[in-house]
$ cat start02.cif   # mmCIF, C-alpha atoms and all ligand atoms
data_query
loop_
_atom_site.group_PDB
_atom_site.id
_atom_site.type_symbol
_atom_site.label_atom_id
_atom_site.label_comp_id
_atom_site.auth_asym_id
_atom_site.auth_seq_id
_atom_site.Cartn_x
_atom_site.Cartn_y
_atom_site.Cartn_z
ATOM 1 C CA MET C 1 -14.954 2.502 10.237
ATOM 2 C CA GLU C 2 -17.480 0.614 12.382
ATOM 3 C CA SER C 3 -19.125 -1.019 9.359
ATOM 4 C CA LEU C 4 -15.770 -1.814 7.701
ATOM 5 C CA LEU C 5 -14.704 -3.993 10.626
ATOM 6 C CA LYS C 6 -16.992 -6.783 9.408
ATOM 7 C CA TYR C 7 -14.760 -7.673 6.418
ATOM 8 C CA ASN C 8 -12.572 -10.735 6.729
ATOM 9 C CA LEU C 9 -9.197 -10.928 4.979
ATOM 10 C CA LYS C 10 -9.353 -14.615 4.067
ATOM 11 C CA LYS C 11 -12.966 -14.552 2.952
ATOM 12 C CA ASP C 12 -13.213 -11.092 1.365
ATOM 13 C CA GLY C 13 -9.599 -10.372 0.371
ATOM 14 C CA VAL C 14 -9.494 -7.222 2.490
ATOM 15 C CA CYS C 15 -9.974 -6.237 6.128
ATOM 16 C CA PHE C 16 -9.792 -3.136 8.288
ATOM 17 C CA LEU C 17 -8.134 -2.881 11.695
ATOM 18 C CA PRO C 18 -9.058 -0.665 14.624
ATOM 19 C CA LYS C 19 -6.795 2.386 15.095
ATOM 20 C CA ILE C 20 -3.161 1.414 15.662
ATOM 21 C CA PHE C 21 -1.077 4.614 15.529
ATOM 22 C CA THR C 22 -1.510 7.665 17.777
ATOM 23 C CA LYS C 23 -1.914 11.206 16.419
ATOM 24 C CA LYS C 24 1.582 12.035 17.647
ATOM 25 C CA GLU C 25 3.138 9.038 15.888
ATOM 26 C CA VAL C 26 1.283 9.884 12.670
ATOM 27 C CA LEU C 27 2.404 13.499 12.832
ATOM 28 C CA SER C 28 6.075 12.654 13.248
ATOM 29 C CA CYS C 29 5.873 10.110 10.424
ATOM 30 C CA ILE C 30 4.329 12.759 8.139
ATOM 31 C CA LYS C 31 7.169 15.152 9.019
ATOM 32 C CA GLY C 32 9.710 12.489 8.050
ATOM 33 C CA LEU C 33 7.859 11.800 4.806
ATOM 34 C CA GLN C 34 7.681 15.520 4.013
ATOM 35 C CA ASP C 35 11.473 15.587 4.187
ATOM 36 C CA VAL C 36 11.712 12.591 1.877
ATOM 37 C CA VAL C 37 9.329 14.214 -0.618
ATOM 38 C CA GLY C 38 11.547 17.316 -0.524
ATOM 39 C CA GLY C 39 14.674 15.219 -1.182
ATOM 40 C CA ILE C 40 16.024 15.414 2.387
ATOM 41 C CA TYR C 41 17.225 11.972 3.495
ATOM 42 C CA GLN C 42 18.134 12.103 7.187
ATOM 43 C CA SER C 43 19.645 8.608 7.211
ATOM 44 C CA GLY C 44 21.837 9.413 4.233
ATOM 45 C CA HIS C 45 20.081 6.707 2.145
ATOM 46 C CA PRO C 46 17.960 7.677 -0.856
ATOM 47 C CA PRO C 47 14.666 5.834 -1.420
ATOM 48 C CA GLU C 48 14.698 2.870 -3.795
ATOM 49 C CA THR C 49 12.806 4.748 -6.535
ATOM 50 C CA ARG C 50 11.146 8.150 -6.875
ATOM 51 C CA PHE C 51 8.259 8.477 -9.317
ATOM 52 C CA TRP C 52 7.955 12.205 -8.554
ATOM 53 C CA GLU C 53 10.743 14.784 -8.279
ATOM 54 C CA VAL C 54 10.784 18.204 -6.624
ATOM 55 C CA GLY C 55 9.395 20.610 -9.240
ATOM 56 C CA ASP C 56 7.124 18.001 -10.904
ATOM 57 C CA ASP C 57 3.355 18.534 -11.277
ATOM 58 C CA PRO C 58 2.094 19.471 -7.778
ATOM 59 C CA ASN C 59 -1.271 17.805 -8.533
ATOM 60 C CA SER C 60 0.081 14.425 -9.479
ATOM 61 C CA ILE C 61 0.462 11.455 -7.138
ATOM 62 C CA ILE C 62 3.756 11.452 -5.265
ATOM 63 C CA LYS C 63 4.833 7.835 -5.203
ATOM 64 C CA ILE C 64 8.158 7.080 -3.547
ATOM 65 C CA ASP C 65 9.351 3.499 -3.005
ATOM 66 C CA LYS C 66 10.988 2.416 0.274
ATOM 67 C CA PRO C 67 10.868 5.791 2.074
ATOM 68 C CA HIS C 68 11.695 3.874 5.281
ATOM 69 C CA LEU C 69 15.323 3.709 4.114
ATOM 70 C CA CYS C 70 15.592 7.488 4.216
ATOM 71 C CA ASN C 71 14.535 8.371 7.719
ATOM 72 C CA GLN C 72 14.793 6.662 11.122
ATOM 73 C CA VAL C 73 11.378 7.987 12.258
ATOM 74 C CA ILE C 74 9.649 6.343 9.277
ATOM 75 C CA TRP C 75 11.590 3.109 9.862
ATOM 76 C CA GLU C 76 10.584 3.087 13.549
ATOM 77 C CA PHE C 77 6.970 3.814 12.624
ATOM 78 C CA ILE C 78 6.595 0.758 10.362
ATOM 79 C CA THR C 79 8.509 -1.555 12.712
ATOM 80 C CA LYS C 80 6.452 -0.854 15.858
ATOM 81 C CA HIS C 81 5.570 -3.971 17.874
ATOM 82 C CA LYS C 82 1.899 -3.079 18.030
ATOM 83 C CA PHE C 83 1.804 -2.888 14.232
ATOM 84 C CA GLY C 84 3.597 -6.240 13.829
ATOM 85 C CA ASN C 85 1.261 -7.841 16.376
ATOM 86 C CA ALA C 86 -1.841 -6.502 14.637
ATOM 87 C CA LEU C 87 -0.663 -7.718 11.207
ATOM 88 C CA ALA C 88 0.201 -11.158 12.624
ATOM 89 C CA LYS C 89 -3.201 -11.467 14.279
ATOM 90 C CA ALA C 90 -5.116 -10.407 11.153
ATOM 91 C CA THR C 91 -3.160 -12.754 8.868
ATOM 92 C CA ASN C 92 -2.776 -15.574 11.387
ATOM 93 C CA SER C 93 0.995 -15.533 10.918
ATOM 94 C CA LYS C 94 4.002 -16.722 12.906
ATOM 95 C CA LYS C 95 6.347 -14.244 11.224
ATOM 96 C CA ILE C 96 5.859 -10.835 9.661
ATOM 97 C CA LYS C 97 8.569 -9.363 7.492
ATOM 98 C CA VAL C 98 8.240 -5.975 5.849
ATOM 99 C CA TRP C 99 9.947 -6.277 2.466
ATOM 100 C CA HIS C 100 8.796 -3.123 0.699
ATOM 101 C CA SER C 101 7.114 0.205 1.418
ATOM 102 C CA GLN C 102 5.653 3.042 -0.615
ATOM 103 C CA LEU C 103 4.516 6.535 0.082
ATOM 104 C CA VAL C 104 1.380 7.334 -1.916
ATOM 105 C CA TRP C 105 0.788 11.038 -1.273
ATOM 106 C CA LYS C 106 -2.185 12.272 -3.246
ATOM 107 C CA PRO C 107 -2.571 16.082 -3.457
ATOM 108 C CA LYS C 108 -5.772 17.726 -4.700
ATOM 109 C CA SER C 109 -6.307 16.231 -8.168
ATOM 110 C CA LYS C 110 -6.651 17.904 -11.535
ATOM 111 C CA GLY C 111 -8.404 15.812 -14.169
ATOM 112 C CA GLN C 112 -7.114 12.263 -13.868
ATOM 113 C CA SER C 113 -3.909 13.243 -12.039
ATOM 114 C CA GLY C 114 -4.909 11.484 -8.817
ATOM 115 C CA ASN C 115 -6.082 8.215 -10.345
ATOM 116 C CA ALA C 116 -4.328 4.944 -9.626
ATOM 117 C CA GLY C 117 -5.604 2.205 -11.944
ATOM 118 C CA TRP C 118 -7.032 -1.183 -10.978
ATOM 119 C CA HIS C 119 -4.323 -3.734 -10.269
ATOM 120 C CA ARG C 120 -3.390 -6.583 -7.976
ATOM 121 C CA ASP C 121 -0.010 -6.193 -6.284
ATOM 122 C CA SER C 122 1.143 -9.685 -7.281
ATOM 123 C CA GLN C 123 1.238 -8.660 -10.974
ATOM 124 C CA TYR C 124 4.386 -6.637 -10.192
ATOM 125 C CA TRP C 125 6.036 -9.415 -8.161
ATOM 126 C CA PRO C 126 6.965 -12.370 -10.411
ATOM 127 C CA PHE C 127 9.691 -13.181 -7.853
ATOM 128 C CA TRP C 128 7.164 -13.985 -5.077
ATOM 129 C CA SER C 129 4.711 -16.830 -4.550
ATOM 130 C CA LYS C 130 1.035 -15.891 -4.360
ATOM 131 C CA LYS C 131 0.757 -17.276 -0.837
ATOM 132 C CA GLY C 132 1.730 -15.312 2.251
ATOM 133 C CA LEU C 133 1.958 -11.868 0.631
ATOM 134 C CA PHE C 134 -0.099 -8.936 1.902
ATOM 135 C CA THR C 135 -0.249 -5.156 1.878
ATOM 136 C CA ALA C 136 -1.079 -2.883 4.800
ATOM 137 C CA TRP C 137 -2.315 0.593 3.896
ATOM 138 C CA ILE C 138 -1.771 3.033 6.762
ATOM 139 C CA ALA C 139 -3.885 6.195 6.671
ATOM 140 C CA LEU C 140 -1.841 9.229 7.736
ATOM 141 C CA THR C 141 -4.782 11.570 7.055
ATOM 142 C CA ASN C 142 -8.504 11.034 7.480
ATOM 143 C CA VAL C 143 -9.664 9.429 4.239
ATOM 144 C CA THR C 144 -13.177 10.236 3.047
ATOM 145 C CA SER C 145 -15.098 9.407 -0.127
ATOM 146 C CA ARG C 146 -13.956 12.827 -1.469
ATOM 147 C CA SER C 147 -10.257 12.357 -0.904
ATOM 148 C CA GLY C 148 -9.613 9.411 -3.243
ATOM 149 C CA PRO C 149 -9.780 6.384 -0.953
ATOM 150 C CA VAL C 150 -8.444 3.024 -2.079
ATOM 151 C CA ASN C 151 -11.342 0.961 -3.475
ATOM 152 C CA TYR C 152 -11.226 -2.824 -3.139
ATOM 153 C CA ILE C 153 -13.202 -5.448 -5.056
ATOM 154 C CA VAL C 154 -14.441 -7.975 -2.508
ATOM 155 C CA ASN C 155 -13.619 -11.558 -3.496
ATOM 156 C CA SER C 156 -11.340 -10.532 -6.359
ATOM 157 C CA HIS C 157 -8.433 -12.372 -4.685
ATOM 158 C CA ARG C 158 -10.090 -15.495 -6.126
ATOM 159 C CA TRP C 159 -10.097 -14.199 -9.720
ATOM 160 C CA ASN C 160 -7.666 -15.266 -12.438
ATOM 161 C CA ASP C 161 -5.271 -12.561 -13.648
ATOM 162 C CA ILE C 162 -6.906 -9.902 -15.814
ATOM 163 C CA PHE C 163 -4.675 -8.334 -18.459
ATOM 164 C CA GLY C 164 -4.684 -4.630 -19.324
ATOM 165 C CA LEU C 165 -4.966 -3.363 -15.744
ATOM 166 C CA ASP C 166 -2.208 -1.244 -14.191
ATOM 167 C CA PHE C 167 -1.598 1.079 -11.220
ATOM 168 C CA PHE C 168 0.037 3.619 -13.557
ATOM 169 C CA ASN C 169 -2.893 3.739 -16.016
ATOM 170 C CA LYS C 170 -4.984 6.728 -14.974
ATOM 171 C CA ASP C 171 -7.862 6.005 -17.375
ATOM 172 C CA LEU C 172 -10.184 4.443 -14.812
ATOM 173 C CA ASN C 173 -13.171 4.561 -17.193
ATOM 174 C CA LYS C 174 -11.341 2.383 -19.689
ATOM 175 C CA GLN C 175 -10.220 0.017 -16.948
ATOM 176 C CA ASN C 176 -13.721 -0.168 -15.494
ATOM 177 C CA ARG C 177 -14.901 -1.371 -18.901
ATOM 178 C CA ILE C 178 -12.335 -4.195 -18.850
ATOM 179 C CA ILE C 179 -13.653 -5.522 -15.552
ATOM 180 C CA GLU C 180 -17.281 -4.493 -16.055
ATOM 181 C CA ASP C 181 -18.812 -7.979 -16.173
ATOM 182 C CA LYS C 182 -16.908 -9.260 -13.169
ATOM 183 C CA ARG C 183 -17.393 -6.042 -11.209
ATOM 184 C CA LYS C 184 -21.176 -6.247 -11.494
ATOM 185 C CA THR C 185 -21.344 -9.322 -9.330
ATOM 186 C CA GLU C 186 -19.061 -8.153 -6.559
ATOM 187 C CA GLU C 187 -19.154 -5.437 -3.939
ATOM 188 C CA ILE C 188 -16.634 -2.590 -4.098
ATOM 189 C CA ILE C 189 -15.626 -1.124 -0.747
ATOM 190 C CA SER C 190 -13.929 2.199 -0.166
ATOM 191 C CA GLY C 191 -11.202 2.409 2.438
ATOM 192 C CA THR C 192 -12.628 5.464 4.164
ATOM 193 C CA ILE C 193 -10.524 5.174 7.293
ATOM 194 C CA ASN C 194 -9.159 7.721 9.728
ATOM 195 C CA LYS C 195 -5.567 8.654 10.403
ATOM 196 C CA GLY C 196 -3.771 5.957 12.358
ATOM 197 C CA GLU C 197 -6.087 3.239 11.022
ATOM 198 C CA VAL C 198 -4.981 0.442 8.709
ATOM 199 C CA SER C 199 -6.454 -1.777 6.013
ATOM 200 C CA ILE C 200 -4.894 -5.037 4.838
ATOM 201 C CA HIS C 201 -5.411 -6.647 1.459
ATOM 202 C CA SER C 202 -4.157 -9.847 -0.118
ATOM 203 C CA SER C 203 -1.578 -9.425 -2.887
ATOM 204 C CA LEU C 204 -4.292 -10.847 -5.189
ATOM 205 C CA THR C 205 -7.049 -8.362 -4.369
ATOM 206 C CA TYR C 206 -7.843 -5.881 -7.140
ATOM 207 C CA HIS C 207 -7.869 -2.257 -5.999
ATOM 208 C CA SER C 208 -7.638 1.271 -7.403
ATOM 209 C CA SER C 209 -8.161 4.845 -6.269
ATOM 210 C CA GLY C 210 -9.671 7.974 -7.814
ATOM 211 C CA LYS C 211 -9.479 11.753 -7.539
ATOM 212 C CA ASN C 212 -8.756 13.666 -4.356
ATOM 213 C CA LEU C 213 -11.285 16.513 -4.383
ATOM 214 C CA ASP C 214 -10.094 17.967 -1.057
ATOM 215 C CA GLU C 215 -7.648 20.850 -0.721
ATOM 216 C CA LYS C 216 -5.524 18.780 1.659
ATOM 217 C CA PRO C 217 -3.432 15.835 0.468
ATOM 218 C CA ARG C 218 -4.551 12.268 1.162
ATOM 219 C CA ILE C 219 -1.505 10.487 2.540
ATOM 220 C CA GLY C 220 -1.106 6.717 2.631
ATOM 221 C CA LEU C 221 1.939 4.768 3.753
ATOM 222 C CA VAL C 222 1.838 1.386 2.066
ATOM 223 C CA VAL C 223 3.637 -1.514 3.751
ATOM 224 C CA HIS C 224 4.110 -4.706 1.761
ATOM 225 C CA PHE C 225 4.778 -7.670 4.040
ATOM 226 C CA CYS C 226 5.073 -11.429 3.941
ATOM 227 C CA ASN C 227 4.658 -14.242 6.408
ATOM 228 C CA GLU C 228 6.227 -17.688 6.833
ATOM 229 C CA HIS C 229 4.271 -19.090 3.849
ATOM 230 C CA ALA C 230 5.828 -16.758 1.266
ATOM 231 C CA LYS C 231 8.329 -18.362 -1.113
ATOM 232 C CA GLN C 232 10.816 -16.727 -3.444
ATOM 233 C CA ILE C 233 10.513 -17.698 -7.106
ATOM 234 C CA LYS C 234 13.464 -17.746 -9.481
ATOM 235 C CA VAL C 235 12.794 -15.542 -12.479
ATOM 236 C CA GLN C 236 14.749 -15.310 -15.705
ATOM 237 C CA ASN C 237 15.351 -11.593 -16.064
ATOM 238 C CA GLU C 238 16.739 -8.555 -14.331
ATOM 239 C CA GLU C 239 14.380 -9.106 -11.382
ATOM 240 C CA THR C 240 16.236 -12.301 -10.416
ATOM 241 C CA GLU C 241 18.295 -10.509 -7.808
ATOM 242 C CA TYR C 242 15.566 -8.192 -6.633
ATOM 243 C CA LEU C 243 14.982 -9.857 -3.261
ATOM 244 C CA GLY C 244 18.691 -9.967 -2.407
ATOM 245 C CA PHE C 245 18.106 -7.552 0.476
ATOM 246 C CA LEU C 246 15.764 -9.836 2.439
ATOM 247 C CA ASN C 247 18.332 -10.511 5.183
ATOM 248 C CA ASP C 248 19.105 -6.843 5.657
ATOM 249 C CA GLU C 249 17.123 -5.695 8.715
ATOM 250 C CA TRP C 250 17.282 -2.064 7.655
ATOM 251 C CA VAL C 251 15.720 -2.766 4.261
ATOM 252 C CA ALA C 252 13.469 -5.690 5.197
ATOM 253 C CA PRO C 253 12.783 -5.698 8.950
ATOM 254 C CA LEU C 254 11.209 -8.664 10.713
ATOM 255 C CA ILE C 255 8.534 -6.980 12.817
ATOM 256 C CA TYR C 256 6.899 -10.025 14.423
ATOM 257 C CA GLU C 257 8.002 -13.510 15.359
ATOM 258 C CA LYS C 258 6.130 -15.983 17.554
HETATM 259 O O1 LIG K 301 -2.818 4.674 -2.237
HETATM 260 C C1 LIG K 301 -3.337 4.405 -3.313
HETATM 261 O O2 LIG K 301 -4.140 5.161 -3.842
HETATM 262 C C2 LIG K 301 -3.028 3.096 -4.006
HETATM 263 C C3 LIG K 301 -2.346 2.153 -3.082
HETATM 264 C C4 LIG K 301 -2.013 0.813 -3.638
HETATM 265 O O3 LIG K 301 -2.045 0.554 -4.798
HETATM 266 C C5 LIG K 301 -1.680 -0.247 -2.685
HETATM 267 O O4 LIG K 301 -1.875 -0.060 -1.481
HETATM 268 O O5 LIG K 301 -1.216 -1.333 -3.132
#
$ encode --input "start02.cif" --output "structure tokens" --more "lines below"
Ligand SMILES: O=C(O)CCC(=O)C(=O)O
Amino acid sequence: MESLLKYNLKKDGVCFLPKIFTKKEVLSCIKGLQDVVGGIYQSGHPPETRFWEVGDDPNSIIKIDKPHLCNQVIWEFITKHKFGNALAKATNSKKIKVWHSQLVWKPKSKGQSGNAGWHRDSQYWPFWSKKGLFTAWIALTNVTSRSGPVNYIVNSHRWNDIFGLDFFNKDLNKQNRIIEDKRKTEEIISGTINKGEVSIHSSLTYHSSGKNLDEKPRIGLVVHFCNEHAKQIKVQNEETEYLGFLNDEWVAPLIYEK
């Protein structure tokens, strides 16, 4: 972690924060997430979307959107003051609103099962401006080079959009070929961070992750947040109403305000 602290969000498109969450907090969050994975929703609310169901391939990535709706412990975890303060400091913001979350639970991989393709988060968010949108990746397990860390391309937040890249495309070799020329000139950093630590990337930073070779799952809780510079954009399709929940504190909590 020591050497990762040198990266600067504005300059590099990614940064790493000193440990924020205690072991105890991480453990109770994992317990809540385990329930969600198993289909137990203590709050009575289901998650927004499940990309993995009980009984699906145990080696594939378990991605569940907005798990914070399902369990009070998870909601309290991502709304902690110390987390809001740290995000505000790192992004130089007056306001921090969490508007989306994702569990990305990566069990031991088989073949390409653990791969998440290169993408920038903004490609999935036509309803948001490019400014003021960030993602915090909270490590709930110690992440090593063997366990499929998130890899970030330094400076890629300055690139134009590249077509043909996608989180759900597991063929990383093919995707690497698409970005080969650009990749050669930039540094790729691996988010090898310990449990309770957090990385932040711009919504424009390209990132991906590979196989988990460990027996234990690699667990990341992804928190998408915006600050006072974010603007909603009207889009002409079914996503028009997608941000309708922004004033609902349960769905989109404001976790920092100056
Ligand atoms: O956890 C991963 O492997 C991918 C996470 C991701 O795409 C993100 O944080 O936006």
$ resolve_selection --input "start02.cif" --expression "the PyMOL selection byres (((chain C and resi 215) around 8) and not hetatm)" --output "number ranges by chain"
C: 107-108, 213-214, 216-217
$ closest_residue --input "start02.cif" --among "C:Gln123, C:Asn151, C:Asn212, C:Gln34" --to "Glu187 (chain C)" --atoms "all atoms listed in the file"
C:Asn151
$ resolve_selection --input "start02.cif" --expression "the PyMOL selection byres (((chain C and resi 21) around 8) and not hetatm)" --output "NGL selection string"
:C and (19-20 or 22-23 or 25-26 or 195-197)
$ closest_atom_pairs --input "start02.cif" --of "chain C" --to "ligand LIG 301 (chain K)" --cutoff "9 Å" --atoms "all atoms listed in the file" --output "tab-separated table"
residue	atom	partner	partner_atom	distance
C:Ile61	CA	K:LIG301	O2	8.5
C:Lys63	CA	K:LIG301	O1	8.8
C:Gln102	CA	K:LIG301	O4	8.2
C:Leu103	CA	K:LIG301	O1	7.9
C:Val104	CA	K:LIG301	O1	5.0
C:Trp105	CA	K:LIG301	O1	7.4
C:Lys106	CA	K:LIG301	O2	7.4
C:Gly114	CA	K:LIG301	O2	8.1
C:Asn115	CA	K:LIG301	O2	7.4
C:Ala116	CA	K:LIG301	O2	5.8
C:Gly117	CA	K:LIG301	O3	8.2
C:Trp118	CA	K:LIG301	O3	8.1
C:His119	CA	K:LIG301	O3	7.3
C:Arg120	CA	K:LIG301	O5	7.5
C:Asp121	CA	K:LIG301	O5	5.9
C:Thr135	CA	K:LIG301	O4	6.3
C:Ala136	CA	K:LIG301	O4	6.9
C:Trp137	CA	K:LIG301	O4	5.4
C:Ile138	CA	K:LIG301	O4	8.8
C:Gly148	CA	K:LIG301	O2	7.0
C:Pro149	CA	K:LIG301	O2	6.5
C:Val150	CA	K:LIG301	O2	5.1
C:Asn151	CA	K:LIG301	O2	8.3
C:Phe167	CA	K:LIG301	O3	6.5
C:Ser199	CA	K:LIG301	O4	8.9
C:Ile200	CA	K:LIG301	O4	8.6
C:His201	CA	K:LIG301	O4	8.0
C:Ser203	CA	K:LIG301	O5	8.1
C:Tyr206	CA	K:LIG301	O3	9.0
C:His207	CA	K:LIG301	O3	6.6
C:Ser208	CA	K:LIG301	C2	6.0
C:Ser209	CA	K:LIG301	O2	4.7
C:Gly210	CA	K:LIG301	O2	7.4
C:Arg218	CA	K:LIG301	O1	8.5
C:Ile219	CA	K:LIG301	O1	7.6
C:Gly220	CA	K:LIG301	O1	5.5
C:Leu221	CA	K:LIG301	O1	7.6
C:Val222	CA	K:LIG301	O4	5.3
C:Val223	CA	K:LIG301	O4	7.7
C:His224	CA	K:LIG301	O5	8.0
$ atom_distance --input "start02.cif" --atom1 "CA of Ile74 (chain C)" --atom2 "CA of Gly32 (chain C)"
6.3 Å
$ resolve_selection --input "start02.cif" --expression "the PyMOL selection byres (((chain C and resi 48-60) around 8) and not hetatm)" --output "list in words"
Val37, Gly38, Gly39, Pro46, Pro47, Ile61, Ile62, Lys63, Ile64, Asp65, Lys66, Pro67, Leu69, Lys106, Pro107, Lys108, Ser109, Lys110, Ser113 and Gly114 of chain C
$ residues_around --input "start02.cif" --residues "Val143 (chain C)" --least-positions-apart "6" --cutoff "6 Å" --atoms "all atoms listed in the file" --output "list of chain:residue names"
C:Thr192, C:Ile193, C:Asn194
$ residues_around --input "start02.cif" --residues "Asn155 (chain C)" --least-positions-apart "6" --cutoff "10 Å" --atoms "all atoms listed in the file" --output "PyMOL selection string"
chain C and resi 9-14+185-188+204-206
$ write_last_selection --input "start02.cif" --atoms "C-alpha atoms" --output "PDB file, in the coordinates of the input"
ATOM      1  CA  LEU C   9      -9.197 -10.928   4.979  1.00  0.00           C
ATOM      2  CA  LYS C  10      -9.353 -14.615   4.067  1.00  0.00           C
ATOM      3  CA  LYS C  11     -12.966 -14.552   2.952  1.00  0.00           C
ATOM      4  CA  ASP C  12     -13.213 -11.092   1.365  1.00  0.00           C
ATOM      5  CA  GLY C  13      -9.599 -10.372   0.371  1.00  0.00           C
ATOM      6  CA  VAL C  14      -9.494  -7.222   2.490  1.00  0.00           C
ATOM      7  CA  THR C 185     -21.344  -9.322  -9.330  1.00  0.00           C
ATOM      8  CA  GLU C 186     -19.061  -8.153  -6.559  1.00  0.00           C
ATOM      9  CA  GLU C 187     -19.154  -5.437  -3.939  1.00  0.00           C
ATOM     10  CA  ILE C 188     -16.634  -2.590  -4.098  1.00  0.00           C
ATOM     11  CA  LEU C 204      -4.292 -10.847  -5.189  1.00  0.00           C
ATOM     12  CA  THR C 205      -7.049  -8.362  -4.369  1.00  0.00           C
ATOM     13  CA  TYR C 206      -7.843  -5.881  -7.140  1.00  0.00           C
TER      14      TYR C 206
END
$ residues_near_point --input "start02.cif" --point "(16.0, -3.4, 5.8)" --cutoff "10 Å" --atoms "all atoms listed in the file" --output "ChimeraX atom specification"
/C:66,68-69,75,97-100,245-254
$ atom_distance --input "start02.cif" --atom1 "CA of Gln42 (chain C)" --atom2 "CA of Asn142 (chain C)"
26.7 Å
$ closest_residue --input "start02.cif" --among "C:Cys15, C:Leu27, C:Leu172, C:Met1" --to "Tyr152 (chain C)" --atoms "all atoms listed in the file"
C:Cys15
$ residues_around --input "start02.cif" --residues "Cys226 (chain C)" --least-positions-apart "4" --cutoff "7 Å" --atoms "all atoms listed in the file" --output "JSON, numbers by chain"
{"C": [96, 97, 98, 132, 133, 134, 230]}
$ residues_around --input "start02.cif" --residues "Lys94 (chain C)" --least-positions-apart "2" --cutoff "9 Å" --atoms "only C-alpha atoms" --output "tab-separated table (two decimals) with C-alpha atoms, in the coordinates of the input"
chain	number	residue	atom	x	y	z
C	88	ALA	CA	0.20	-11.16	12.62
C	92	ASN	CA	-2.78	-15.57	11.39
C	96	ILE	CA	5.86	-10.84	9.66
C	227	ASN	CA	4.66	-14.24	6.41
C	228	GLU	CA	6.23	-17.69	6.83
C	256	TYR	CA	6.90	-10.02	14.42
C	257	GLU	CA	8.00	-13.51	15.36
C	258	LYS	CA	6.13	-15.98	17.55
$ residues_near_point --input "start02.cif" --point "(-18.0, -3.3, 4.5)" --cutoff "8 Å" --atoms "only C-alpha atoms" --output "PyMOL selection string"
chain C and resi 3-7+189
$ write_last_selection --input "start02.cif" --atoms "C-alpha atoms" --output "PDB file, in the coordinates of the input"
ATOM      1  CA  SER C   3     -19.125  -1.019   9.359  1.00  0.00           C
ATOM      2  CA  LEU C   4     -15.770  -1.814   7.701  1.00  0.00           C
ATOM      3  CA  LEU C   5     -14.704  -3.993  10.626  1.00  0.00           C
ATOM      4  CA  LYS C   6     -16.992  -6.783   9.408  1.00  0.00           C
ATOM      5  CA  TYR C   7     -14.760  -7.673   6.418  1.00  0.00           C
ATOM      6  CA  ILE C 189     -15.626  -1.124  -0.747  1.00  0.00           C
TER       7      ILE C 189
END
$ atom_distance --input "start02.cif" --atom1 "CA of Ser156 (chain C)" --atom2 "CA of Ile233 (chain C)"
23.0 Å
$ closest_residue --input "start02.cif" --among "C:Trp159, C:Phe83, C:Ser145, C:Leu17" --to "Arg183 (chain C)" --atoms "all atoms listed in the file"
C:Trp159
$ closest_residue --input "start02.cif" --among "C:Asn8, C:Ser28, C:Thr91, C:Asn85" --to "Asn71 (chain C)" --atoms "all atoms listed in the file"
C:Ser28
$ closest_residue --input "start02.cif" --among "C:Phe16, C:His81, C:Val198, C:Glu76" --to "Leu140 (chain C)" --atoms "only C-alpha atoms"
C:Val198
$ residues_around --input "start02.cif" --residues "Glu241 (chain C)" --least-positions-apart "6" --cutoff "12 Å" --atoms "all atoms listed in the file" --output "ChimeraX atom specification"
/C:126-128,232-235
$ decode --input "start02.cif" --residues "region 183-193 of chain C" --atoms "N, CA and C atoms" --output "PDB file, in the first residue's frame"
ATOM      1  N   ARG C 183      -1.905   1.339 -24.407  1.00  0.00           N
ATOM      2  CA  ARG C 183      -1.451   0.730 -23.158  1.00  0.00           C
ATOM      3  C   ARG C 183       0.073   0.812 -23.003  1.00  0.00           C
ATOM      4  N   LYS C 184       0.756   0.704 -24.161  1.00  0.00           N
ATOM      5  CA  LYS C 184       2.221   0.654 -24.128  1.00  0.00           C
ATOM      6  C   LYS C 184       2.820   1.892 -23.488  1.00  0.00           C
ATOM      7  N   THR C 185       2.129   3.013 -23.665  1.00  0.00           N
ATOM      8  CA  THR C 185       2.720   4.266 -23.193  1.00  0.00           C
ATOM      9  C   THR C 185       2.335   4.590 -21.751  1.00  0.00           C
ATOM     10  N   GLU C 186       1.432   3.850 -21.193  1.00  0.00           N
ATOM     11  CA  GLU C 186       0.971   4.200 -19.848  1.00  0.00           C
ATOM     12  C   GLU C 186       1.256   3.079 -18.846  1.00  0.00           C
ATOM     13  N   GLU C 187       1.300   3.471 -17.605  1.00  0.00           N
ATOM     14  CA  GLU C 187       1.556   2.520 -16.519  1.00  0.00           C
ATOM     15  C   GLU C 187       0.225   1.859 -16.106  1.00  0.00           C
ATOM     16  N   ILE C 188       0.285   0.567 -15.814  1.00  0.00           N
ATOM     17  CA  ILE C 188      -0.912  -0.097 -15.278  1.00  0.00           C
ATOM     18  C   ILE C 188      -0.627  -0.433 -13.818  1.00  0.00           C
ATOM     19  N   ILE C 189      -1.529  -0.002 -12.931  1.00  0.00           N
ATOM     20  CA  ILE C 189      -1.302  -0.305 -11.509  1.00  0.00           C
ATOM     21  C   ILE C 189      -2.368  -1.266 -11.002  1.00  0.00           C
ATOM     22  N   SER C 190      -1.924  -2.173 -10.155  1.00  0.00           N
ATOM     23  CA  SER C 190      -2.824  -3.159  -9.562  1.00  0.00           C
ATOM     24  C   SER C 190      -3.249  -2.685  -8.185  1.00  0.00           C
ATOM     25  N   GLY C 191      -4.534  -2.762  -7.927  1.00  0.00           N
ATOM     26  CA  GLY C 191      -5.053  -2.358  -6.620  1.00  0.00           C
ATOM     27  C   GLY C 191      -4.857  -3.447  -5.580  1.00  0.00           C
ATOM     28  N   THR C 192      -3.604  -3.696  -5.248  1.00  0.00           N
ATOM     29  CA  THR C 192      -3.306  -4.718  -4.229  1.00  0.00           C
ATOM     30  C   THR C 192      -3.387  -4.046  -2.851  1.00  0.00           C
ATOM     31  N   ILE C 193      -4.601  -4.000  -2.337  1.00  0.00           N
ATOM     32  CA  ILE C 193      -4.837  -3.298  -1.075  1.00  0.00           C
ATOM     33  C   ILE C 193      -5.400  -4.283  -0.044  1.00  0.00           C
TER      34      ILE C 193
END
